[in-house]
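Chemist: Structure file structure.cif (mmCIF, N, CA and C atoms) is given on the next line.
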```cif
data_coords
#
loop_
_atom_site.label_atom_id
_atom_site.label_comp_id
_atom_site.auth_asym_id
_atom_site.auth_seq_id
_atom_site.Cartn_x
_atom_site.Cartn_y
_atom_site.Cartn_z
N MET Q 1 -39.92 -18.11 -30.46
CA MET Q 1 -41.19 -17.68 -29.95
C MET Q 1 -41.08 -16.20 -29.61
N THR Q 2 -42.17 -15.46 -29.82
CA THR Q 2 -42.17 -14.03 -29.53
C THR Q 2 -43.22 -13.72 -28.50
N THR Q 3 -43.02 -12.58 -27.85
CA THR Q 3 -43.97 -12.11 -26.86
C THR Q 3 -44.68 -10.90 -27.45
N THR Q 4 -46.01 -10.88 -27.38
CA THR Q 4 -46.78 -9.77 -27.90
C THR Q 4 -47.34 -8.98 -26.74
N ARG Q 5 -47.18 -7.66 -26.82
CA ARG Q 5 -47.73 -6.80 -25.77
C ARG Q 5 -48.18 -5.50 -26.40
N PRO Q 6 -49.20 -4.88 -25.82
CA PRO Q 6 -49.71 -3.62 -26.39
C PRO Q 6 -48.68 -2.50 -26.19
N ALA Q 7 -48.55 -1.66 -27.18
CA ALA Q 7 -47.65 -0.52 -27.11
C ALA Q 7 -48.47 0.76 -27.10
N ALA Q 8 -47.80 1.87 -27.05
CA ALA Q 8 -48.49 3.15 -27.05
C ALA Q 8 -49.21 3.36 -28.37
N GLU Q 9 -50.29 4.13 -28.36
CA GLU Q 9 -51.07 4.50 -29.53
C GLU Q 9 -51.66 3.29 -30.24
N GLY Q 10 -52.00 2.24 -29.52
CA GLY Q 10 -52.72 1.12 -30.09
C GLY Q 10 -51.88 0.16 -30.91
N ARG Q 11 -50.58 0.37 -31.03
CA ARG Q 11 -49.74 -0.56 -31.79
C ARG Q 11 -49.44 -1.78 -30.94
N VAL Q 12 -49.04 -2.83 -31.58
CA VAL Q 12 -48.64 -4.05 -30.90
C VAL Q 12 -47.17 -4.28 -31.18
N GLU Q 13 -46.38 -4.49 -30.11
CA GLU Q 13 -44.95 -4.76 -30.26
C GLU Q 13 -44.68 -6.23 -30.06
N THR Q 14 -43.81 -6.76 -30.86
CA THR Q 14 -43.36 -8.13 -30.64
C THR Q 14 -41.86 -8.09 -30.40
N THR Q 15 -41.44 -8.73 -29.32
CA THR Q 15 -40.01 -8.79 -29.00
C THR Q 15 -39.60 -10.24 -28.86
N PRO Q 16 -38.44 -10.59 -29.34
CA PRO Q 16 -37.99 -11.98 -29.21
C PRO Q 16 -37.66 -12.29 -27.76
N ARG Q 17 -37.95 -13.50 -27.34
CA ARG Q 17 -37.57 -13.93 -26.00
C ARG Q 17 -36.07 -14.14 -25.96
N THR Q 18 -35.54 -14.29 -24.74
CA THR Q 18 -34.09 -14.42 -24.56
C THR Q 18 -33.52 -15.56 -25.39
N SER Q 19 -34.24 -16.66 -25.50
CA SER Q 19 -33.72 -17.81 -26.23
C SER Q 19 -33.68 -17.54 -27.73
N GLU Q 20 -34.40 -16.52 -28.21
CA GLU Q 20 -34.43 -16.22 -29.63
C GLU Q 20 -33.65 -14.97 -29.98
N GLN Q 21 -32.92 -14.42 -29.05
CA GLN Q 21 -32.16 -13.21 -29.35
C GLN Q 21 -31.11 -13.53 -30.40
N GLY Q 22 -30.82 -12.54 -31.21
CA GLY Q 22 -29.83 -12.73 -32.24
C GLY Q 22 -28.42 -12.76 -31.67
N VAL Q 23 -27.52 -13.27 -32.48
CA VAL Q 23 -26.12 -13.36 -32.08
C VAL Q 23 -25.57 -11.96 -31.81
N GLY Q 24 -25.98 -11.00 -32.59
CA GLY Q 24 -25.52 -9.62 -32.41
C GLY Q 24 -25.90 -9.08 -31.04
N ASP Q 25 -27.14 -9.37 -30.62
CA ASP Q 25 -27.58 -8.91 -29.29
C ASP Q 25 -26.77 -9.59 -28.20
N LEU Q 26 -26.52 -10.87 -28.37
CA LEU Q 26 -25.75 -11.60 -27.36
C LEU Q 26 -24.31 -11.08 -27.29
N VAL Q 27 -23.72 -10.80 -28.43
CA VAL Q 27 -22.36 -10.26 -28.45
C VAL Q 27 -22.34 -8.88 -27.81
N ARG Q 28 -23.35 -8.06 -28.10
CA ARG Q 28 -23.44 -6.72 -27.50
C ARG Q 28 -23.54 -6.83 -25.98
N GLN Q 29 -24.40 -7.74 -25.50
CA GLN Q 29 -24.54 -7.93 -24.06
C GLN Q 29 -23.24 -8.42 -23.43
N ALA Q 30 -22.58 -9.35 -24.09
CA ALA Q 30 -21.31 -9.86 -23.56
C ALA Q 30 -20.26 -8.75 -23.51
N THR Q 31 -20.24 -7.91 -24.55
CA THR Q 31 -19.29 -6.80 -24.58
C THR Q 31 -19.57 -5.82 -23.45
N GLU Q 32 -20.84 -5.50 -23.25
CA GLU Q 32 -21.21 -4.58 -22.16
C GLU Q 32 -20.84 -5.17 -20.80
N GLN Q 33 -21.09 -6.47 -20.63
CA GLN Q 33 -20.75 -7.10 -19.36
C GLN Q 33 -19.24 -7.13 -19.15
N MET Q 34 -18.47 -7.39 -20.19
CA MET Q 34 -17.01 -7.38 -20.08
C MET Q 34 -16.52 -5.99 -19.73
N SER Q 35 -17.08 -4.97 -20.37
CA SER Q 35 -16.67 -3.59 -20.07
C SER Q 35 -16.96 -3.27 -18.60
N GLY Q 36 -18.15 -3.65 -18.14
CA GLY Q 36 -18.49 -3.41 -16.74
C GLY Q 36 -17.57 -4.15 -15.79
N LEU Q 37 -17.24 -5.38 -16.14
CA LEU Q 37 -16.35 -6.18 -15.31
C LEU Q 37 -14.95 -5.56 -15.25
N ILE Q 38 -14.45 -5.12 -16.38
CA ILE Q 38 -13.13 -4.50 -16.41
C ILE Q 38 -13.12 -3.21 -15.60
N ARG Q 39 -14.17 -2.40 -15.73
CA ARG Q 39 -14.25 -1.17 -14.95
C ARG Q 39 -14.29 -1.48 -13.46
N ALA Q 40 -15.03 -2.51 -13.07
CA ALA Q 40 -15.10 -2.89 -11.65
C ALA Q 40 -13.74 -3.36 -11.15
N GLU Q 41 -13.01 -4.11 -11.96
CA GLU Q 41 -11.68 -4.57 -11.56
C GLU Q 41 -10.72 -3.39 -11.42
N LEU Q 42 -10.83 -2.42 -12.31
CA LEU Q 42 -9.97 -1.24 -12.21
C LEU Q 42 -10.30 -0.42 -10.95
N ARG Q 43 -11.59 -0.32 -10.62
CA ARG Q 43 -11.97 0.38 -9.38
C ARG Q 43 -11.42 -0.35 -8.17
N LEU Q 44 -11.47 -1.68 -8.19
CA LEU Q 44 -10.93 -2.47 -7.08
C LEU Q 44 -9.42 -2.25 -6.95
N ALA Q 45 -8.71 -2.26 -8.06
CA ALA Q 45 -7.25 -2.04 -8.03
C ALA Q 45 -6.93 -0.64 -7.50
N ALA Q 46 -7.69 0.36 -7.95
CA ALA Q 46 -7.44 1.72 -7.48
C ALA Q 46 -7.71 1.85 -5.98
N ALA Q 47 -8.79 1.24 -5.51
CA ALA Q 47 -9.10 1.30 -4.08
C ALA Q 47 -8.03 0.58 -3.26
N GLU Q 48 -7.55 -0.53 -3.77
CA GLU Q 48 -6.52 -1.29 -3.06
C GLU Q 48 -5.22 -0.48 -2.98
N MET Q 49 -4.82 0.14 -4.07
CA MET Q 49 -3.61 0.94 -4.07
C MET Q 49 -3.75 2.18 -3.20
N LYS Q 50 -4.95 2.77 -3.18
CA LYS Q 50 -5.19 3.94 -2.34
C LYS Q 50 -5.03 3.58 -0.87
N GLU Q 51 -5.59 2.44 -0.47
CA GLU Q 51 -5.49 2.00 0.92
C GLU Q 51 -4.04 1.69 1.30
N LYS Q 52 -3.33 1.03 0.40
CA LYS Q 52 -1.92 0.73 0.66
C LYS Q 52 -1.10 2.02 0.77
N GLY Q 53 -1.40 2.98 -0.09
CA GLY Q 53 -0.69 4.25 -0.06
C GLY Q 53 -0.95 5.02 1.22
N ARG Q 54 -2.20 5.00 1.69
CA ARG Q 54 -2.55 5.69 2.93
C ARG Q 54 -1.80 5.08 4.10
N ALA Q 55 -1.78 3.76 4.19
CA ALA Q 55 -1.08 3.09 5.28
C ALA Q 55 0.42 3.36 5.22
N ALA Q 56 0.97 3.35 4.01
CA ALA Q 56 2.40 3.62 3.86
C ALA Q 56 2.73 5.06 4.23
N GLY Q 57 1.85 6.00 3.91
CA GLY Q 57 2.09 7.40 4.24
C GLY Q 57 2.12 7.65 5.73
N VAL Q 58 1.17 7.05 6.44
CA VAL Q 58 1.14 7.20 7.91
C VAL Q 58 2.39 6.56 8.51
N GLY Q 59 2.74 5.39 8.05
CA GLY Q 59 3.93 4.71 8.55
C GLY Q 59 5.19 5.51 8.27
N ALA Q 60 5.28 6.10 7.09
CA ALA Q 60 6.46 6.90 6.74
C ALA Q 60 6.56 8.14 7.63
N GLY Q 61 5.44 8.75 7.94
CA GLY Q 61 5.45 9.91 8.83
C GLY Q 61 5.95 9.56 10.22
N LEU Q 62 5.48 8.43 10.72
CA LEU Q 62 5.93 7.99 12.05
C LEU Q 62 7.42 7.64 12.05
N VAL Q 63 7.86 6.98 11.01
CA VAL Q 63 9.28 6.63 10.92
C VAL Q 63 10.13 7.90 10.80
N GLY Q 64 9.64 8.88 10.05
CA GLY Q 64 10.37 10.14 9.92
C GLY Q 64 10.51 10.86 11.26
N GLY Q 65 9.43 10.90 12.03
CA GLY Q 65 9.50 11.51 13.36
C GLY Q 65 10.46 10.78 14.27
N ALA Q 66 10.41 9.47 14.22
CA ALA Q 66 11.32 8.67 15.04
C ALA Q 66 12.78 8.91 14.63
N ALA Q 67 13.01 9.09 13.34
CA ALA Q 67 14.38 9.32 12.86
C ALA Q 67 14.93 10.64 13.38
N VAL Q 68 14.09 11.67 13.40
CA VAL Q 68 14.55 12.97 13.90
C VAL Q 68 14.93 12.86 15.38
N VAL Q 69 14.09 12.25 16.19
CA VAL Q 69 14.37 12.10 17.61
C VAL Q 69 15.61 11.23 17.83
N ALA Q 70 15.73 10.16 17.06
CA ALA Q 70 16.89 9.28 17.18
C ALA Q 70 18.17 10.02 16.79
N LEU Q 71 18.08 10.88 15.80
CA LEU Q 71 19.26 11.64 15.39
C LEU Q 71 19.73 12.57 16.51
N LEU Q 72 18.78 13.22 17.16
CA LEU Q 72 19.15 14.09 18.28
C LEU Q 72 19.78 13.28 19.43
N GLY Q 73 19.19 12.13 19.71
CA GLY Q 73 19.76 11.28 20.76
C GLY Q 73 21.15 10.78 20.39
N ALA Q 74 21.30 10.39 19.15
CA ALA Q 74 22.60 9.90 18.70
C ALA Q 74 23.65 11.00 18.76
N ALA Q 75 23.27 12.23 18.43
CA ALA Q 75 24.22 13.34 18.50
C ALA Q 75 24.69 13.57 19.93
N ALA Q 76 23.76 13.46 20.88
CA ALA Q 76 24.15 13.63 22.29
C ALA Q 76 25.10 12.52 22.73
N ILE Q 77 24.84 11.30 22.30
CA ILE Q 77 25.71 10.17 22.66
C ILE Q 77 27.09 10.33 22.02
N VAL Q 78 27.11 10.76 20.76
CA VAL Q 78 28.40 10.98 20.08
C VAL Q 78 29.21 12.03 20.82
N ALA Q 79 28.56 13.10 21.23
CA ALA Q 79 29.28 14.15 21.98
C ALA Q 79 29.82 13.59 23.29
N ALA Q 80 29.05 12.74 23.97
CA ALA Q 80 29.51 12.14 25.22
C ALA Q 80 30.69 11.21 24.99
N VAL Q 81 30.65 10.43 23.91
CA VAL Q 81 31.75 9.51 23.60
C VAL Q 81 33.02 10.30 23.27
N ILE Q 82 32.87 11.36 22.48
CA ILE Q 82 34.04 12.19 22.16
C ILE Q 82 34.63 12.79 23.44
N ALA Q 83 33.76 13.27 24.33
CA ALA Q 83 34.25 13.85 25.59
C ALA Q 83 34.96 12.80 26.44
N ALA Q 84 34.45 11.58 26.44
CA ALA Q 84 35.08 10.52 27.23
C ALA Q 84 36.45 10.15 26.66
N ILE Q 85 36.53 10.02 25.33
CA ILE Q 85 37.81 9.67 24.71
C ILE Q 85 38.81 10.81 24.86
N ALA Q 86 38.29 12.04 24.87
CA ALA Q 86 39.16 13.21 24.99
C ALA Q 86 39.87 13.27 26.34
N LEU Q 87 39.43 12.49 27.29
CA LEU Q 87 40.14 12.42 28.58
C LEU Q 87 41.49 11.74 28.41
N ALA Q 88 41.61 10.85 27.38
CA ALA Q 88 42.85 10.10 27.19
C ALA Q 88 43.69 10.65 26.04
N VAL Q 89 43.07 11.24 25.02
CA VAL Q 89 43.79 11.74 23.84
C VAL Q 89 43.31 13.17 23.56
N PRO Q 90 43.96 13.88 22.65
CA PRO Q 90 43.48 15.22 22.30
C PRO Q 90 42.06 15.18 21.73
N VAL Q 91 41.33 16.26 21.88
CA VAL Q 91 39.92 16.32 21.45
C VAL Q 91 39.79 16.04 19.96
N TRP Q 92 40.68 16.60 19.12
CA TRP Q 92 40.57 16.38 17.68
C TRP Q 92 40.71 14.91 17.33
N LEU Q 93 41.60 14.20 18.02
CA LEU Q 93 41.79 12.77 17.76
C LEU Q 93 40.57 11.97 18.22
N ALA Q 94 39.99 12.36 19.33
CA ALA Q 94 38.79 11.69 19.82
C ALA Q 94 37.65 11.86 18.82
N ALA Q 95 37.48 13.06 18.29
CA ALA Q 95 36.43 13.31 17.29
C ALA Q 95 36.69 12.52 16.01
N LEU Q 96 37.96 12.42 15.60
CA LEU Q 96 38.31 11.65 14.40
C LEU Q 96 38.00 10.17 14.59
N ILE Q 97 38.34 9.61 15.73
CA ILE Q 97 38.07 8.19 16.01
C ILE Q 97 36.57 7.92 15.96
N VAL Q 98 35.81 8.76 16.61
CA VAL Q 98 34.35 8.56 16.63
C VAL Q 98 33.77 8.75 15.22
N GLY Q 99 34.25 9.74 14.48
CA GLY Q 99 33.76 9.98 13.11
C GLY Q 99 34.00 8.79 12.20
N VAL Q 100 35.20 8.21 12.25
CA VAL Q 100 35.52 7.03 11.42
C VAL Q 100 34.63 5.85 11.82
N ALA Q 101 34.45 5.65 13.12
CA ALA Q 101 33.60 4.55 13.58
C ALA Q 101 32.17 4.73 13.07
N LEU Q 102 31.66 5.96 13.11
CA LEU Q 102 30.30 6.22 12.61
C LEU Q 102 30.19 5.98 11.11
N LEU Q 103 31.19 6.34 10.34
CA LEU Q 103 31.18 6.09 8.90
C LEU Q 103 31.18 4.60 8.59
N VAL Q 104 31.91 3.82 9.36
CA VAL Q 104 31.92 2.36 9.16
C VAL Q 104 30.52 1.80 9.43
N VAL Q 105 29.90 2.23 10.52
CA VAL Q 105 28.54 1.77 10.84
C VAL Q 105 27.57 2.18 9.73
N ALA Q 106 27.70 3.42 9.22
CA ALA Q 106 26.83 3.89 8.14
C ALA Q 106 26.99 3.04 6.88
N ALA Q 107 28.23 2.68 6.56
CA ALA Q 107 28.47 1.86 5.37
C ALA Q 107 27.83 0.48 5.52
N VAL Q 108 27.96 -0.12 6.69
CA VAL Q 108 27.35 -1.44 6.92
C VAL Q 108 25.83 -1.35 6.80
N LEU Q 109 25.23 -0.33 7.39
CA LEU Q 109 23.77 -0.15 7.31
C LEU Q 109 23.32 0.10 5.87
N ALA Q 110 24.08 0.89 5.12
CA ALA Q 110 23.72 1.17 3.73
C ALA Q 110 23.75 -0.10 2.88
N LEU Q 111 24.76 -0.93 3.08
CA LEU Q 111 24.84 -2.19 2.32
C LEU Q 111 23.70 -3.13 2.68
N ALA Q 112 23.39 -3.21 3.98
CA ALA Q 112 22.28 -4.06 4.41
C ALA Q 112 20.95 -3.56 3.84
N GLY Q 113 20.76 -2.25 3.85
CA GLY Q 113 19.54 -1.66 3.30
C GLY Q 113 19.41 -1.88 1.81
N ARG Q 114 20.50 -1.75 1.10
CA ARG Q 114 20.50 -1.98 -0.35
C ARG Q 114 20.12 -3.43 -0.67
N ARG Q 115 20.66 -4.36 0.11
CA ARG Q 115 20.33 -5.77 -0.10
C ARG Q 115 18.85 -6.03 0.13
N ARG Q 116 18.31 -5.45 1.21
CA ARG Q 116 16.89 -5.65 1.53
C ARG Q 116 15.98 -5.01 0.49
N MET Q 117 16.35 -3.86 -0.04
CA MET Q 117 15.54 -3.21 -1.07
C MET Q 117 15.50 -4.06 -2.34
N GLY Q 118 16.59 -4.73 -2.63
CA GLY Q 118 16.62 -5.60 -3.79
C GLY Q 118 15.72 -6.81 -3.64
N GLN Q 119 15.46 -7.23 -2.40
CA GLN Q 119 14.62 -8.40 -2.14
C GLN Q 119 13.13 -8.04 -2.16
N ALA Q 120 12.81 -6.77 -1.98
CA ALA Q 120 11.41 -6.36 -1.92
C ALA Q 120 10.79 -6.48 -3.31
N GLY Q 121 9.54 -6.92 -3.34
CA GLY Q 121 8.82 -7.02 -4.59
C GLY Q 121 8.18 -5.70 -4.95
N PRO Q 122 7.69 -5.59 -6.18
CA PRO Q 122 7.03 -4.36 -6.59
C PRO Q 122 5.67 -4.19 -5.89
N PRO Q 123 5.24 -2.95 -5.68
CA PRO Q 123 3.95 -2.71 -5.02
C PRO Q 123 2.80 -2.96 -6.01
N VAL Q 124 2.36 -4.20 -6.12
CA VAL Q 124 1.34 -4.60 -7.08
C VAL Q 124 0.04 -4.89 -6.34
N PRO Q 125 -1.09 -4.46 -6.90
CA PRO Q 125 -2.38 -4.78 -6.28
C PRO Q 125 -2.73 -6.25 -6.50
N ARG Q 126 -2.22 -7.14 -5.66
CA ARG Q 126 -2.36 -8.58 -5.85
C ARG Q 126 -3.82 -9.02 -5.87
N GLN Q 127 -4.64 -8.49 -4.97
CA GLN Q 127 -6.03 -8.93 -4.89
C GLN Q 127 -6.76 -8.63 -6.20
N ALA Q 128 -6.58 -7.45 -6.73
CA ALA Q 128 -7.26 -7.08 -7.98
C ALA Q 128 -6.76 -7.92 -9.14
N LEU Q 129 -5.46 -8.16 -9.21
CA LEU Q 129 -4.92 -8.98 -10.30
C LEU Q 129 -5.41 -10.42 -10.21
N ASP Q 130 -5.42 -10.98 -9.01
CA ASP Q 130 -5.91 -12.35 -8.85
C ASP Q 130 -7.37 -12.46 -9.25
N SER Q 131 -8.16 -11.47 -8.86
CA SER Q 131 -9.58 -11.47 -9.20
C SER Q 131 -9.78 -11.36 -10.71
N ALA Q 132 -9.00 -10.50 -11.36
CA ALA Q 132 -9.12 -10.35 -12.81
C ALA Q 132 -8.71 -11.64 -13.52
N LEU Q 133 -7.65 -12.27 -13.07
CA LEU Q 133 -7.23 -13.54 -13.69
C LEU Q 133 -8.28 -14.62 -13.51
N GLN Q 134 -8.92 -14.66 -12.35
CA GLN Q 134 -10.00 -15.63 -12.11
C GLN Q 134 -11.17 -15.36 -13.05
N ASP Q 135 -11.50 -14.08 -13.25
CA ASP Q 135 -12.59 -13.73 -14.17
C ASP Q 135 -12.27 -14.18 -15.59
N ILE Q 136 -11.03 -13.98 -16.01
CA ILE Q 136 -10.63 -14.38 -17.36
C ILE Q 136 -10.72 -15.89 -17.52
N ARG Q 137 -10.26 -16.64 -16.52
CA ARG Q 137 -10.36 -18.10 -16.59
C ARG Q 137 -11.81 -18.55 -16.70
N GLU Q 138 -12.68 -17.93 -15.91
CA GLU Q 138 -14.10 -18.30 -15.92
C GLU Q 138 -14.73 -17.98 -17.27
N ILE Q 139 -14.40 -16.85 -17.85
CA ILE Q 139 -14.95 -16.47 -19.15
C ILE Q 139 -14.48 -17.44 -20.22
N LYS Q 140 -13.22 -17.82 -20.19
CA LYS Q 140 -12.70 -18.77 -21.17
C LYS Q 140 -13.39 -20.13 -21.03
N GLU Q 141 -13.59 -20.58 -19.78
CA GLU Q 141 -14.27 -21.86 -19.57
C GLU Q 141 -15.69 -21.83 -20.11
N ARG Q 142 -16.39 -20.75 -19.85
CA ARG Q 142 -17.78 -20.65 -20.32
C ARG Q 142 -17.87 -20.49 -21.83
N ALA Q 143 -16.86 -19.87 -22.41
CA ALA Q 143 -16.86 -19.69 -23.86
C ALA Q 143 -16.67 -21.02 -24.58
N HIS Q 144 -15.98 -21.95 -23.95
CA HIS Q 144 -15.73 -23.24 -24.59
C HIS Q 144 -16.87 -24.23 -24.39
N ARG Q 145 -17.85 -23.88 -23.59
CA ARG Q 145 -18.98 -24.81 -23.35
C ARG Q 145 -19.97 -24.77 -24.47
#
```
Please lay out the structure from this file as structure tokens.
Modeler:
Amino acid sequence: MTTTRPAAEGRVETTPRTSEQGVGDLVRQATEQMSGLIRAELRLAAAEMKEKGRAAGVGAGLVGGAAVVALLGAAAIVAAVIAAIALAVPVWLAALIVGVALLVVAAVLALAGRRRMGQAGPPVPRQALDSALQDIREIKERAHR
């Protein structure tokens, strides 16, 4: 069935109704909708990664500041420990003992950190991926109907 309506300059236009659209028109519409959906999913993934990056940047700045202050505090404590040990042994030996102890602690921390980094997953935009996979499942289900 067609719809007739007056056009400019006295002509009459006939356009097919939605139920009579050709396969080509339907494929074109489906392609346009898929393109729009993919663009929307990419925008969602970009926004999600941007937000995660912003939060990580602020956190990294705070951790960096804390590390500087902790380093200064640790240096003062190390100097106090060396001075205390130097009461019983020569100063060079006290510094050597404290230095070796600090290297052992550093090695233990490095190994623990390496293990934890290996357990961390990749920074993937899970929400966007899950949404895209759901869209694909829905499209496949509708295509088979």
Chemist: Quick one: distance from atom C of Ala80 in chain Q to CA of Val98 in chain Q in Å, one decimal?
Modeler: 9.5 Å
Chemist: Report, in Å to a single decimal, how far apart atom C of Ala107 in chain Q and CA of Val69 in chain Q are.
Modeler: 21.5 Å
Chemist: When DSSP is applied to the backbone of this structure, which of chain Q are assigned strand (DSSP E)? Write them out as a PyMOL selection string.
Modeler: chain Q and resi 2-6+12-16
Chemist: Just the helix (DSSP H, G or I) stuff from range 8-123 of chain Q, please, per backbone DSSP, written as JSON, numbers by chain.
Modeler: {"Q": [8, 9, 10, 18, 19, 20, 23, 24, 25, 26, 27, 28, 29, 30, 31, 32, 33, 34, 35, 36, 37, 38, 39, 40, 41, 42, 43, 44, 45, 46, 47, 48, 49, 50, 51, 52, 53, 54, 55, 56, 57, 58, 59, 60, 61, 62, 63, 64, 65, 66, 67, 68, 69, 70, 71, 72, 73, 74, 75, 76, 77, 78, 79, 80, 81, 82, 83, 84, 85, 91, 92, 93, 94, 95, 96, 97, 98, 99, 100, 101, 102, 103, 104, 105, 106, 107, 108, 109, 110, 111, 112, 113, 114, 115, 116, 117, 118, 119]}
Chemist: Applied to the shown file, which residues does the PyMOL selection byres ((chain Q and resi 39-53) around 7) return, written as a ChimeraX atom specification?
Modeler: /Q:34-38,54-58,125,127-129,132
Chemist: Would you compute the distance between atom N of Val100 in chain Q and atom N of Val81 in chain Q? Give it in Å to one decimal.
Modeler: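 Distance reported for this atom pair: 12.7 Å.
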Chemist: Kindly list the centre and edge lengths in Å, rounded to one decimal, for the axis-aligned box that covers all listed atoms of range 72-86 of chain Q plus 8 Å on each of its six sides, as lines of an AutoDock Vina configuration file.
Modeler:
```
center_x = 29.3
center_y = 11.8
center_z = 22.2
size_x = 37.1
size_y = 20.6
size_z = 26.1
```
